[in-house]
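Chemist: Sharing entry.cif here; it has mmCIF, C-alpha atoms (C1' of nucleotides).
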```
data_input
#
loop_
_atom_site.group_PDB
_atom_site.id
_atom_site.type_symbol
_atom_site.label_atom_id
_atom_site.label_comp_id
_atom_site.auth_asym_id
_atom_site.auth_seq_id
_atom_site.Cartn_x
_atom_site.Cartn_y
_atom_site.Cartn_z
ATOM 1 C CA MET A 151 0.000 0.000 0.000
ATOM 2 C CA ASN A 152 1.488 3.390 -0.933
ATOM 3 C CA ILE A 153 0.989 6.551 1.092
ATOM 4 C CA GLY A 154 -2.032 7.829 -0.802
ATOM 5 C CA GLU A 155 -4.059 4.686 -0.327
ATOM 6 C CA CYS A 156 -2.929 4.510 3.270
ATOM 7 C CA ALA A 157 -4.079 8.101 3.767
ATOM 8 C CA ARG A 158 -7.511 7.270 2.348
ATOM 9 C CA HIS A 159 -7.902 4.245 4.590
ATOM 10 C CA SER A 160 -6.634 5.897 7.745
ATOM 11 C CA GLY A 161 -8.259 9.268 7.230
ATOM 12 C CA LEU A 162 -4.929 10.995 7.886
ATOM 13 C CA PRO A 163 -3.329 13.378 5.367
ATOM 14 C CA ALA A 164 -0.275 11.962 3.614
ATOM 15 C CA LYS A 165 1.739 14.860 5.018
ATOM 16 C CA THR A 166 0.831 13.807 8.520
ATOM 17 C CA ILE A 167 1.798 10.194 7.863
ATOM 18 C CA ARG A 168 5.210 11.318 6.612
ATOM 19 C CA TYR A 169 5.545 13.471 9.684
ATOM 20 C CA TYR A 170 4.700 10.530 11.946
ATOM 21 C CA GLU A 171 7.356 8.490 10.221
ATOM 22 C CA GLU A 172 9.864 11.316 10.576
ATOM 23 C CA ILE A 173 9.366 11.516 14.341
ATOM 24 C CA GLY A 174 9.494 7.747 14.653
ATOM 25 C CA LEU A 175 5.864 7.058 15.523
ATOM 26 C CA VAL A 176 5.542 4.611 12.645
ATOM 27 C CA ARG A 177 7.976 2.968 10.305
ATOM 28 C CA ALA A 178 7.366 2.240 6.642
ATOM 29 C CA GLY A 179 9.167 -0.012 4.228
ATOM 30 C CA ARG A 180 10.168 1.125 0.769
ATOM 31 C CA ASP A 181 9.339 -0.165 -2.683
ATOM 32 C CA ALA A 182 12.033 -0.460 -5.327
ATOM 33 C CA ASN A 183 11.087 2.987 -6.673
ATOM 34 C CA GLY A 184 11.573 4.650 -3.297
ATOM 35 C CA TYR A 185 7.862 4.953 -2.501
ATOM 36 C CA ARG A 186 6.813 4.169 1.055
ATOM 37 C CA ALA A 187 5.165 0.759 1.468
ATOM 38 C CA PHE A 188 2.672 0.310 4.297
ATOM 39 C CA SER A 189 1.523 -3.035 5.657
ATOM 40 C CA ASP A 190 -1.904 -3.660 7.154
ATOM 41 C CA SER A 191 -0.264 -3.498 10.550
ATOM 42 C CA ASP A 192 1.143 -0.047 9.738
ATOM 43 C CA LEU A 193 -2.307 1.048 8.643
ATOM 44 C CA HIS A 194 -3.817 -0.185 11.904
ATOM 45 C CA LYS A 195 -1.258 1.824 13.841
ATOM 46 C CA LEU A 196 -2.088 4.936 11.863
ATOM 47 C CA ILE A 197 -5.789 4.476 12.497
ATOM 48 C CA PHE A 198 -4.978 4.011 16.169
ATOM 49 C CA LEU A 199 -2.953 7.221 16.130
ATOM 50 C CA GLY A 200 -5.704 9.119 14.361
ATOM 51 C CA ARG A 201 -8.220 8.057 16.977
ATOM 52 C CA ALA A 202 -5.900 8.871 19.862
ATOM 53 C CA ARG A 203 -5.074 12.298 18.428
ATOM 54 C CA SER A 204 -8.741 13.047 17.841
ATOM 55 C CA LEU A 205 -9.324 12.296 21.514
ATOM 56 C CA GLY A 206 -6.781 14.946 22.337
ATOM 57 C CA PHE A 207 -3.816 12.791 23.354
ATOM 58 C CA SER A 208 -0.469 14.485 22.709
ATOM 59 C CA ILE A 209 2.032 12.938 20.339
ATOM 60 C CA ASP A 210 4.050 11.936 23.364
ATOM 61 C CA ASP A 211 1.043 10.181 24.892
ATOM 62 C CA CYS A 212 0.410 8.529 21.542
ATOM 63 C CA ARG A 213 3.929 7.181 21.555
ATOM 64 C CA LYS A 214 3.318 5.614 24.962
ATOM 65 C CA LEU A 215 -0.122 4.337 24.013
ATOM 66 C CA LEU A 216 1.239 2.791 20.861
ATOM 67 C CA SER A 217 3.984 0.998 22.727
ATOM 68 C CA LEU A 218 1.430 -0.290 25.219
ATOM 69 C CA TYR A 219 -0.795 -1.293 22.310
ATOM 70 C CA GLU A 220 2.028 -3.351 20.866
ATOM 71 C CA ASP A 221 3.132 -4.802 24.184
ATOM 72 C CA ARG A 222 1.276 -8.060 24.657
ATOM 73 C CA SER A 223 2.328 -8.155 28.313
ATOM 74 C CA ARG A 224 1.183 -4.631 29.196
ATOM 75 C CA ALA A 225 -0.781 -3.861 32.348
ATOM 76 C CA SER A 226 -4.111 -2.237 31.559
ATOM 77 C CA ALA A 227 -3.522 -0.067 34.654
ATOM 78 C CA ASP A 228 -0.816 1.808 32.753
ATOM 79 C CA VAL A 229 -3.230 2.669 29.969
ATOM 80 C CA LYS A 230 -5.886 3.683 32.438
ATOM 81 C CA THR A 231 -3.491 5.947 34.343
ATOM 82 C CA LEU A 232 -2.404 7.688 31.153
ATOM 83 C CA THR A 233 -6.005 8.199 30.152
ATOM 84 C CA GLU A 234 -7.044 9.481 33.549
ATOM 85 C CA GLU A 235 -4.226 12.016 33.522
ATOM 86 C CA HIS A 236 -5.412 13.123 30.125
ATOM 87 C CA LEU A 237 -8.956 13.427 31.444
ATOM 88 C CA THR A 238 -7.664 15.637 34.231
ATOM 89 C CA ARG A 239 -6.016 17.934 31.705
ATOM 90 C CA ILE A 240 -9.213 18.050 29.658
ATOM 91 C CA ALA A 241 -11.305 18.901 32.710
ATOM 92 C CA LYS A 242 -8.894 21.689 33.594
ATOM 93 C CA LYS A 243 -9.001 23.075 30.089
ATOM 94 C CA ILE A 244 -12.798 22.983 30.077
ATOM 95 C CA ALA A 245 -12.865 24.795 33.405
ATOM 96 C CA GLU A 246 -10.544 27.490 32.062
ATOM 97 C CA LEU A 247 -12.661 27.967 28.967
ATOM 98 C CA GLU A 248 -15.827 28.108 31.026
ATOM 99 C CA ALA A 249 -14.321 30.780 33.239
ATOM 100 C CA MET A 250 -13.457 32.846 30.161
ATOM 101 C CA GLN A 251 -16.923 32.204 28.797
ATOM 102 C CA ALA A 252 -18.592 33.391 31.984
ATOM 103 C CA THR A 253 -16.574 36.605 32.123
ATOM 104 C CA LEU A 254 -17.086 37.329 28.444
ATOM 105 C CA LYS A 255 -20.799 36.632 28.620
ATOM 106 C CA THR A 256 -21.150 39.064 31.484
ATOM 107 C CA LEU A 257 -19.312 41.735 29.522
ATOM 108 C CA VAL A 258 -21.256 41.104 26.333
ATOM 109 C CA HIS A 259 -24.490 41.253 28.263
ATOM 110 C CA LYS A 260 -23.600 44.693 29.609
ATOM 111 C CA CYS A 261 -22.663 46.106 26.206
ATOM 112 C CA HIS A 262 -25.495 47.689 24.264
ATOM 113 C CA GLY A 263 -23.591 47.176 20.994
ATOM 114 C CA ASP A 264 -24.623 50.207 19.010
ATOM 115 C CA ALA A 265 -22.877 53.074 17.224
ATOM 116 C CA ARG A 266 -21.866 54.864 20.433
ATOM 117 C CA PRO A 267 -18.316 54.510 21.792
ATOM 118 C CA ASP A 268 -19.336 53.733 25.370
ATOM 119 C CA CYS A 269 -18.381 50.071 25.892
ATOM 120 C CA PRO A 270 -18.344 47.994 29.089
ATOM 121 C CA ILE A 271 -16.348 45.281 27.357
ATOM 122 C CA LEU A 272 -13.396 47.589 26.754
ATOM 123 C CA GLU A 273 -13.789 49.005 30.241
ATOM 124 C CA GLY A 274 -13.700 45.489 31.635
ATOM 125 C CA LEU A 275 -10.546 44.711 29.667
ATOM 126 C CA ALA A 276 -8.930 47.921 30.841
ATOM 127 C CA ALA A 277 -9.432 46.496 34.322
ATOM 128 C CA GLU A 278 -10.210 49.843 35.884
ATOM 129 C CA ASN A 279 -12.359 49.887 39.010
ATOM 130 C CA ARG A 280 -13.029 46.179 38.899
ATOM 131 C CA GLU A 281 -13.943 44.236 41.996
ATOM 132 C CA GLY A 282 -14.865 40.578 41.883
ATOM 133 C CA ALA A 283 -13.769 39.346 38.471
ATOM 134 C CA SER A 284 -10.654 37.195 38.439
ATOM 135 C CA MET B 211 9.448 53.123 33.894
ATOM 136 C CA ASN B 212 11.844 50.428 32.639
ATOM 137 C CA ILE B 213 10.767 47.001 31.493
ATOM 138 C CA GLY B 214 11.196 45.227 34.827
ATOM 139 C CA GLU B 215 8.972 47.603 36.710
ATOM 140 C CA CYS B 216 6.495 47.560 33.869
ATOM 141 C CA ALA B 217 6.485 43.759 34.011
ATOM 142 C CA ARG B 218 5.757 43.817 37.741
ATOM 143 C CA HIS B 219 2.891 46.266 37.335
ATOM 144 C CA SER B 220 1.346 44.577 34.314
ATOM 145 C CA GLY B 221 1.871 41.003 35.432
ATOM 146 C CA LEU B 222 3.418 40.169 32.045
ATOM 147 C CA PRO B 223 6.922 38.700 31.699
ATOM 148 C CA ALA B 224 9.493 41.142 30.326
ATOM 149 C CA LYS B 225 10.076 38.730 27.447
ATOM 150 C CA THR B 226 6.442 38.975 26.490
ATOM 151 C CA ILE B 227 6.489 42.758 26.601
ATOM 152 C CA ARG B 228 9.515 42.806 24.281
ATOM 153 C CA TYR B 229 7.686 40.412 22.001
ATOM 154 C CA TYR B 230 4.605 42.638 21.961
ATOM 155 C CA GLU B 231 6.796 45.546 20.988
ATOM 156 C CA GLU B 232 8.470 43.503 18.272
ATOM 157 C CA ILE B 233 5.153 42.615 16.655
ATOM 158 C CA GLY B 234 3.961 46.185 16.953
ATOM 159 C CA LEU B 235 1.278 45.738 19.616
ATOM 160 C CA VAL B 236 2.861 48.402 21.801
ATOM 161 C CA ARG B 237 5.553 50.983 21.284
ATOM 162 C CA ALA B 238 8.115 52.021 23.871
ATOM 163 C CA GLY B 239 10.416 55.012 24.026
ATOM 164 C CA ARG B 240 14.069 54.695 24.867
ATOM 165 C CA ASP B 241 16.212 56.173 27.603
ATOM 166 C CA ALA B 242 19.649 57.545 26.835
ATOM 167 C CA ASN B 243 21.202 54.206 27.829
ATOM 168 C CA GLY B 244 19.083 52.276 25.338
ATOM 169 C CA TYR B 245 16.691 50.882 27.948
ATOM 170 C CA ARG B 246 13.020 50.860 27.042
ATOM 171 C CA ALA B 247 10.956 53.583 28.710
ATOM 172 C CA PHE B 248 7.274 52.944 29.313
ATOM 173 C CA SER B 249 4.699 55.587 30.076
ATOM 174 C CA ASP B 250 1.605 55.049 32.199
ATOM 175 C CA SER B 251 -0.361 54.844 29.001
ATOM 176 C CA ASP B 252 1.908 52.047 27.717
ATOM 177 C CA LEU B 253 1.427 50.241 31.003
ATOM 178 C CA HIS B 254 -2.348 50.524 30.698
ATOM 179 C CA LYS B 255 -2.181 49.038 27.223
ATOM 180 C CA LEU B 256 -0.105 46.147 28.495
ATOM 181 C CA ILE B 257 -2.558 45.487 31.309
ATOM 182 C CA PHE B 258 -5.341 45.605 28.729
ATOM 183 C CA LEU B 259 -3.471 43.104 26.580
ATOM 184 C CA GLY B 260 -2.834 40.815 29.528
ATOM 185 C CA ARG B 261 -6.514 40.771 30.383
ATOM 186 C CA ALA B 262 -7.585 40.200 26.775
ATOM 187 C CA ARG B 263 -5.076 37.366 26.327
ATOM 188 C CA SER B 264 -6.173 35.738 29.584
ATOM 189 C CA LEU B 265 -9.714 35.769 28.220
ATOM 190 C CA GLY B 266 -8.458 33.795 25.250
ATOM 191 C CA PHE B 267 -8.423 36.490 22.580
ATOM 192 C CA SER B 268 -5.809 35.886 19.882
ATOM 193 C CA ILE B 269 -3.032 38.381 19.312
ATOM 194 C CA ASP B 270 -4.836 39.441 16.174
ATOM 195 C CA ASP B 271 -8.047 40.082 18.122
ATOM 196 C CA CYS B 272 -5.993 41.964 20.689
ATOM 197 C CA ARG B 273 -4.643 44.193 17.976
ATOM 198 C CA LYS B 274 -8.192 45.014 16.893
ATOM 199 C CA LEU B 275 -9.414 45.445 20.457
ATOM 200 C CA LEU B 276 -6.534 47.759 21.240
ATOM 201 C CA SER B 277 -7.229 49.924 18.234
ATOM 202 C CA LEU B 278 -10.895 50.100 19.226
ATOM 203 C CA TYR B 279 -9.817 50.864 22.786
ATOM 204 C CA GLU B 280 -7.786 53.802 21.521
ATOM 205 C CA ASP B 281 -10.403 54.986 19.052
ATOM 206 C CA ARG B 282 -12.566 57.542 20.861
ATOM 207 C CA SER B 283 -15.121 57.389 18.064
ATOM 208 C CA ARG B 284 -15.491 53.608 17.976
ATOM 209 C CA ALA B 285 -18.854 51.880 17.814
ATOM 210 C CA SER B 286 -19.379 49.537 20.758
ATOM 211 C CA ALA B 287 -21.112 47.195 18.284
ATOM 212 C CA ASP B 288 -17.696 46.398 16.750
ATOM 213 C CA VAL B 289 -16.325 45.334 20.116
ATOM 214 C CA LYS B 290 -19.420 43.300 20.854
ATOM 215 C CA THR B 291 -19.254 41.502 17.515
ATOM 216 C CA LEU B 292 -15.601 40.598 18.028
ATOM 217 C CA THR B 293 -16.380 39.304 21.497
ATOM 218 C CA GLU B 294 -19.369 37.306 20.360
ATOM 219 C CA GLU B 295 -17.319 35.636 17.646
ATOM 220 C CA HIS B 296 -14.763 34.754 20.260
ATOM 221 C CA LEU B 297 -17.497 33.337 22.475
ATOM 222 C CA THR B 298 -18.629 31.165 19.575
ATOM 223 C CA ARG B 299 -15.116 29.771 19.197
ATOM 224 C CA ILE B 300 -14.936 29.121 22.935
ATOM 225 C CA ALA B 301 -18.267 27.309 22.931
ATOM 226 C CA LYS B 302 -17.121 25.150 20.030
ATOM 227 C CA LYS B 303 -13.891 24.318 21.788
ATOM 228 C CA ILE B 304 -15.739 23.399 24.966
ATOM 229 C CA ALA B 305 -18.074 21.163 22.999
ATOM 230 C CA GLU B 306 -15.117 19.395 21.392
ATOM 231 C CA LEU B 307 -13.444 18.846 24.718
ATOM 232 C CA GLU B 308 -16.662 17.581 26.255
ATOM 233 C CA ALA B 309 -17.080 15.103 23.428
ATOM 234 C CA MET B 310 -13.558 13.816 24.045
ATOM 235 C CA GLN B 311 -14.249 13.723 27.741
ATOM 236 C CA ALA B 312 -17.407 11.666 27.274
ATOM 237 C CA THR B 313 -15.688 9.117 25.042
ATOM 238 C CA LEU B 314 -12.672 8.843 27.323
ATOM 239 C CA LYS B 315 -14.802 8.502 30.441
ATOM 240 C CA THR B 316 -16.713 5.653 28.846
ATOM 241 C CA LEU B 317 -13.479 3.895 27.968
ATOM 242 C CA VAL B 318 -11.928 4.464 31.391
ATOM 243 C CA HIS B 319 -15.049 3.185 33.028
ATOM 244 C CA LYS B 320 -14.831 -0.081 31.075
ATOM 245 C CA CYS B 321 -11.168 -0.648 31.885
ATOM 246 C CA HIS B 322 -10.477 -2.611 35.052
ATOM 247 C CA GLY B 323 -6.986 -1.124 35.269
ATOM 248 C CA ASP B 324 -5.004 -3.973 36.749
ATOM 249 C CA ALA B 325 -1.912 -5.976 35.832
ATOM 250 C CA ARG B 326 -3.627 -7.890 33.024
ATOM 251 C CA PRO B 327 -3.109 -6.829 29.402
ATOM 252 C CA ASP B 328 -6.798 -6.889 28.451
ATOM 253 C CA CYS B 329 -7.751 -3.245 27.901
ATOM 254 C CA PRO B 330 -10.957 -1.765 26.486
ATOM 255 C CA ILE B 331 -9.275 1.640 26.125
ATOM 256 C CA LEU B 332 -6.725 0.303 23.654
ATOM 257 C CA GLU B 333 -9.434 -1.686 21.917
ATOM 258 C CA GLY B 334 -11.488 1.462 21.595
ATOM 259 C CA LEU B 335 -8.532 3.332 20.136
ATOM 260 C CA ALA B 336 -7.856 0.524 17.705
ATOM 261 C CA ALA B 337 -11.361 1.238 16.451
ATOM 262 C CA GLU B 338 -12.169 -2.377 15.791
ATOM 263 C CA ASN B 339 -15.805 -3.451 15.880
ATOM 264 C CA ARG B 340 -17.026 -0.098 17.074
ATOM 265 C CA GLU B 341 -20.557 1.057 16.528
ATOM 266 C CA GLY B 342 -21.855 4.277 17.995
ATOM 267 C CA ALA B 343 -18.778 6.200 19.035
ATOM 268 C CA SER B 344 -17.822 9.091 16.748
ATOM 269 C "C1'" DA C 123 6.090 12.315 -26.562
ATOM 270 C "C1'" DT C 124 3.466 14.292 -23.323
ATOM 271 C "C1'" DA C 125 0.120 15.185 -19.830
ATOM 272 C "C1'" DG C 126 -1.588 14.065 -15.400
ATOM 273 C "C1'" DG C 127 -1.278 12.411 -11.091
ATOM 274 C "C1'" DG C 128 1.298 10.525 -7.372
ATOM 275 C "C1'" DC C 129 5.435 10.120 -5.087
ATOM 276 C "C1'" DT C 130 10.041 11.982 -3.060
ATOM 277 C "C1'" DT C 131 12.864 15.478 -0.203
ATOM 278 C "C1'" DC C 132 13.650 19.753 1.970
ATOM 279 C "C1'" DC C 133 12.588 24.330 3.669
ATOM 280 C "C1'" DA C 134 9.610 27.697 5.662
ATOM 281 C "C1'" DG C 135 5.638 29.150 8.232
ATOM 282 C "C1'" DT C 136 2.082 28.746 11.809
ATOM 283 C "C1'" DC C 137 0.967 30.754 17.150
ATOM 284 C "C1'" DA C 138 2.516 33.058 21.110
ATOM 285 C "C1'" DC C 139 5.735 32.928 23.403
ATOM 286 C "C1'" DT C 140 10.119 31.007 26.145
ATOM 287 C "C1'" DG C 141 15.018 29.914 27.053
ATOM 288 C "C1'" DG C 142 19.561 30.986 26.602
ATOM 289 C "C1'" DA C 143 23.925 33.140 25.062
ATOM 290 C "C1'" DA C 144 26.780 37.182 24.668
ATOM 291 C "C1'" DG C 145 27.410 41.523 26.089
ATOM 292 C "C1'" DG C 146 26.294 46.655 27.763
ATOM 293 C "C1'" DT C 147 24.739 49.537 32.179
ATOM 294 C "C1'" DC C 148 24.178 50.864 36.785
ATOM 295 C "C1'" DA C 149 24.312 51.225 41.958
ATOM 296 C "C1'" DA C 150 26.459 49.511 46.106
ATOM 297 C "C1'" DG C 151 30.290 47.717 48.729
ATOM 298 C "C1'" DG C 152 35.340 46.883 49.594
ATOM 299 C "C1'" DC D 98 39.104 52.013 41.242
ATOM 300 C "C1'" DC D 99 37.345 47.465 40.942
ATOM 301 C "C1'" DT D 100 34.196 43.984 41.437
ATOM 302 C "C1'" DT D 101 29.777 41.947 42.103
ATOM 303 C "C1'" DG D 102 25.203 41.318 40.933
ATOM 304 C "C1'" DA D 103 21.033 42.771 39.113
ATOM 305 C "C1'" DC D 104 19.417 44.918 35.602
ATOM 306 C "C1'" DC D 105 19.029 45.772 30.556
ATOM 307 C "C1'" DT D 106 20.058 44.916 25.338
ATOM 308 C "C1'" DT D 107 19.959 41.932 20.895
ATOM 309 C "C1'" DC D 108 19.736 37.767 18.438
ATOM 310 C "C1'" DC D 109 18.962 32.890 17.692
ATOM 311 C "C1'" DA D 110 16.693 28.585 18.521
ATOM 312 C "C1'" DG D 111 12.998 25.709 20.157
ATOM 313 C "C1'" DT D 112 8.167 24.530 21.391
ATOM 314 C "C1'" DG D 113 3.651 21.174 19.137
ATOM 315 C "C1'" DA D 114 1.827 19.209 15.485
ATOM 316 C "C1'" DC D 115 1.427 19.855 11.591
ATOM 317 C "C1'" DT D 116 0.778 22.459 6.766
ATOM 318 C "C1'" DG D 117 2.095 24.652 2.342
ATOM 319 C "C1'" DG D 118 4.976 24.905 -1.354
ATOM 320 C "C1'" DA D 119 8.954 24.233 -4.482
ATOM 321 C "C1'" DA D 120 11.762 21.192 -7.238
ATOM 322 C "C1'" DG D 121 12.057 17.038 -9.169
ATOM 323 C "C1'" DC D 122 11.421 11.729 -9.971
ATOM 324 C "C1'" DC D 123 7.981 7.841 -11.331
ATOM 325 C "C1'" DC D 124 4.180 5.670 -13.622
ATOM 326 C "C1'" DT D 125 0.263 5.172 -16.630
ATOM 327 C "C1'" DA D 126 -2.584 6.454 -20.441
ATOM 328 C "C1'" DT D 127 -3.153 8.630 -24.650
#
```
Show the structure stored in the file as structure tokens.

Modeler:
Amino acid sequence: MNIGECARHSGLPAKTIRYYEEIGLVRAGRDANGYRAFSDSDLHKLIFLGRARSLGFSIDDCRKLLSLYEDRSRASADVKTLTEEHLTRIAKKIAELEAMQATLKTLVHKCHGDARPDCPILEGLAAENREGAS
Amino acid sequence: MNIGECARHSGLPAKTIRYYEEIGLVRAGRDANGYRAFSDSDLHKLIFLGRARSLGFSIDDCRKLLSLYEDRSRASADVKTLTEEHLTRIAKKIAELEAMQATLKTLVHKCHGDARPDCPILEGLAAENREGAS
DNA sequence: ATAGGGCTTCCAGTCACTGGAAGGTCAAGG
DNA sequence: CCTTGACCTTCCAGTGACTGGAAGCCCTAT
């Protein structure tokens, strides 16, 4: 399987597959003409990587997950720990975004949004005479 | 005011202030010795930028917000529109993270997390015989 | 023979900083 | 006067995870 077909089957751009090979996430053989040759096993790894990335795992996490995936004697606890740490990061990120959202919604609500220059959003950003907001 | 004092008052690292100057977000005068000299007005802009960045606005948005901030004849509607677009992006991001969170929680819940290699998380990532999950 | 599509490598750019090296400046202490 | 240490300066490189583009080889069909 060459890189184009592999890209179609995995859903990953060819560029990304080359990049994954470059950083050592996957390895590909070569045909006589120099084209990359992917086995079914390589394709499965790429699909695995695509799924992991789409769930927000970092490349570094993916590297660990992939090695656990390939390790027949792994402990599922290791996978679970990695995933739980990732969940913690996601929860933190959501909390941060929700805090921004709350502040911004308050500001937007106060702003009449017309042709006049008076604007509580800009005043809020200027941070003059603020009290409670973080 | 030199950069160190300005950093303390604005809460931004000196490196960041230099970077903001480099990309033209703020301008600073110079003392005879070549040190940057910040006015109170520069400091206010930096505080403004710090607040805007902490609310997730991009540098490009900050540039627009700053020019609106300095434009005494602005229309508050322009600020509101910018902010609402940003809120839309935040909501989308939160939704994405929550979708990841839901999938990951389901997988973690299924995984017993012990010394055995059997692991529903890895199986889920391998995307074999999956049905409903996105 | 040529046109097209796919493949290769390599380099640069993204975003918003951040770290570090090499060196100038200034105030205080010996 | 000299040194020490904390400032400041510039410039270069690296981060994460790709993405775009240029230059050029390969393969198939017409």

Chemist: Any chance you could work out the residue set of the PyMOL selection byres ((chain D and resi 98) around 12) here, as a PyMOL selection string?

Modeler: (chain C and resi 152) or (chain D and resi 99-100)

Chemist: Select, as a VMD selection string, those residues of chain B with any atom no more than 7 Å from chain A (distances computed using all atoms listed in the file).

Modeler: chain B and resid 257 to 258 261 to 262 265 279 282 to 287 290 297 300 304 307 310 to 311 318 321 323 to 329 332 335 to 337

Chemist: Run through the PyMOL selection byres ((chain C) within 8 of (chain A)) on the given coordinates and return the selected residues as a ChimeraX atom specification.

Modeler: /C:128-130

Chemist: Counting only C-alpha atoms (C1' of nucleotides), which residue out of A:Arg168, A:Arg177, A:Arg158, A:Lys214 sits closest to chain D?

Modeler: A:Arg168

Chemist: Just to confirm, what's the straight-line distance from C1' of DA138 (chain C) to CA of Ser277 (chain B) in Å (one decimal)?

Modeler: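 Separation between C1' of DA138 (chain C) and CA of Ser277 (chain B): 19.7 Å.
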
Chemist: Restricting the calculation to only C-alpha atoms (C1' of nucleotides), which member of D:DA126, D:DG111, D:DG117, D:DC105 is positioned closest to DG146 (chain C)?

Modeler: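 The shortest atom-to-atom distance to DG146 (chain C) comes from D:DC105.
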
Chemist: Mind giving me the axis-aligned box for region 128-143 of chain C with 8 Å on every side, centre plus edges in Å to one decimal, as JSON?

Modeler:
```
{"center_x": 12.4, "center_y": 21.6, "center_z": 9.8, "size_x": 39.0, "size_y": 39.0, "size_z": 50.4}
```

Chemist: Chain D residues within 10 Å of chain A, counting only C-alpha atoms (C1' of nucleotides): which ones, as a list in words?

Modeler: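 Those within range of chain A come out as DG113, DA114, DC115, DT116, DC122 and DC123 of chain D.
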
Chemist: Emit the selected residues as a PDB file, in the coordinates of the input, including C-alpha atoms (C1' of nucleotides).

Modeler:
```
ATOM      1  C1'  DG D 113       3.651  21.174  19.137  1.00  0.00           C
ATOM      2  C1'  DA D 114       1.827  19.209  15.485  1.00  0.00           C
ATOM      3  C1'  DC D 115       1.427  19.855  11.591  1.00  0.00           C
ATOM      4  C1'  DT D 116       0.778  22.459   6.766  1.00  0.00           C
ATOM      5  C1'  DC D 122      11.421  11.729  -9.971  1.00  0.00           C
ATOM      6  C1'  DC D 123       7.981   7.841 -11.331  1.00  0.00           C
TER       7       DC D 123
END
```
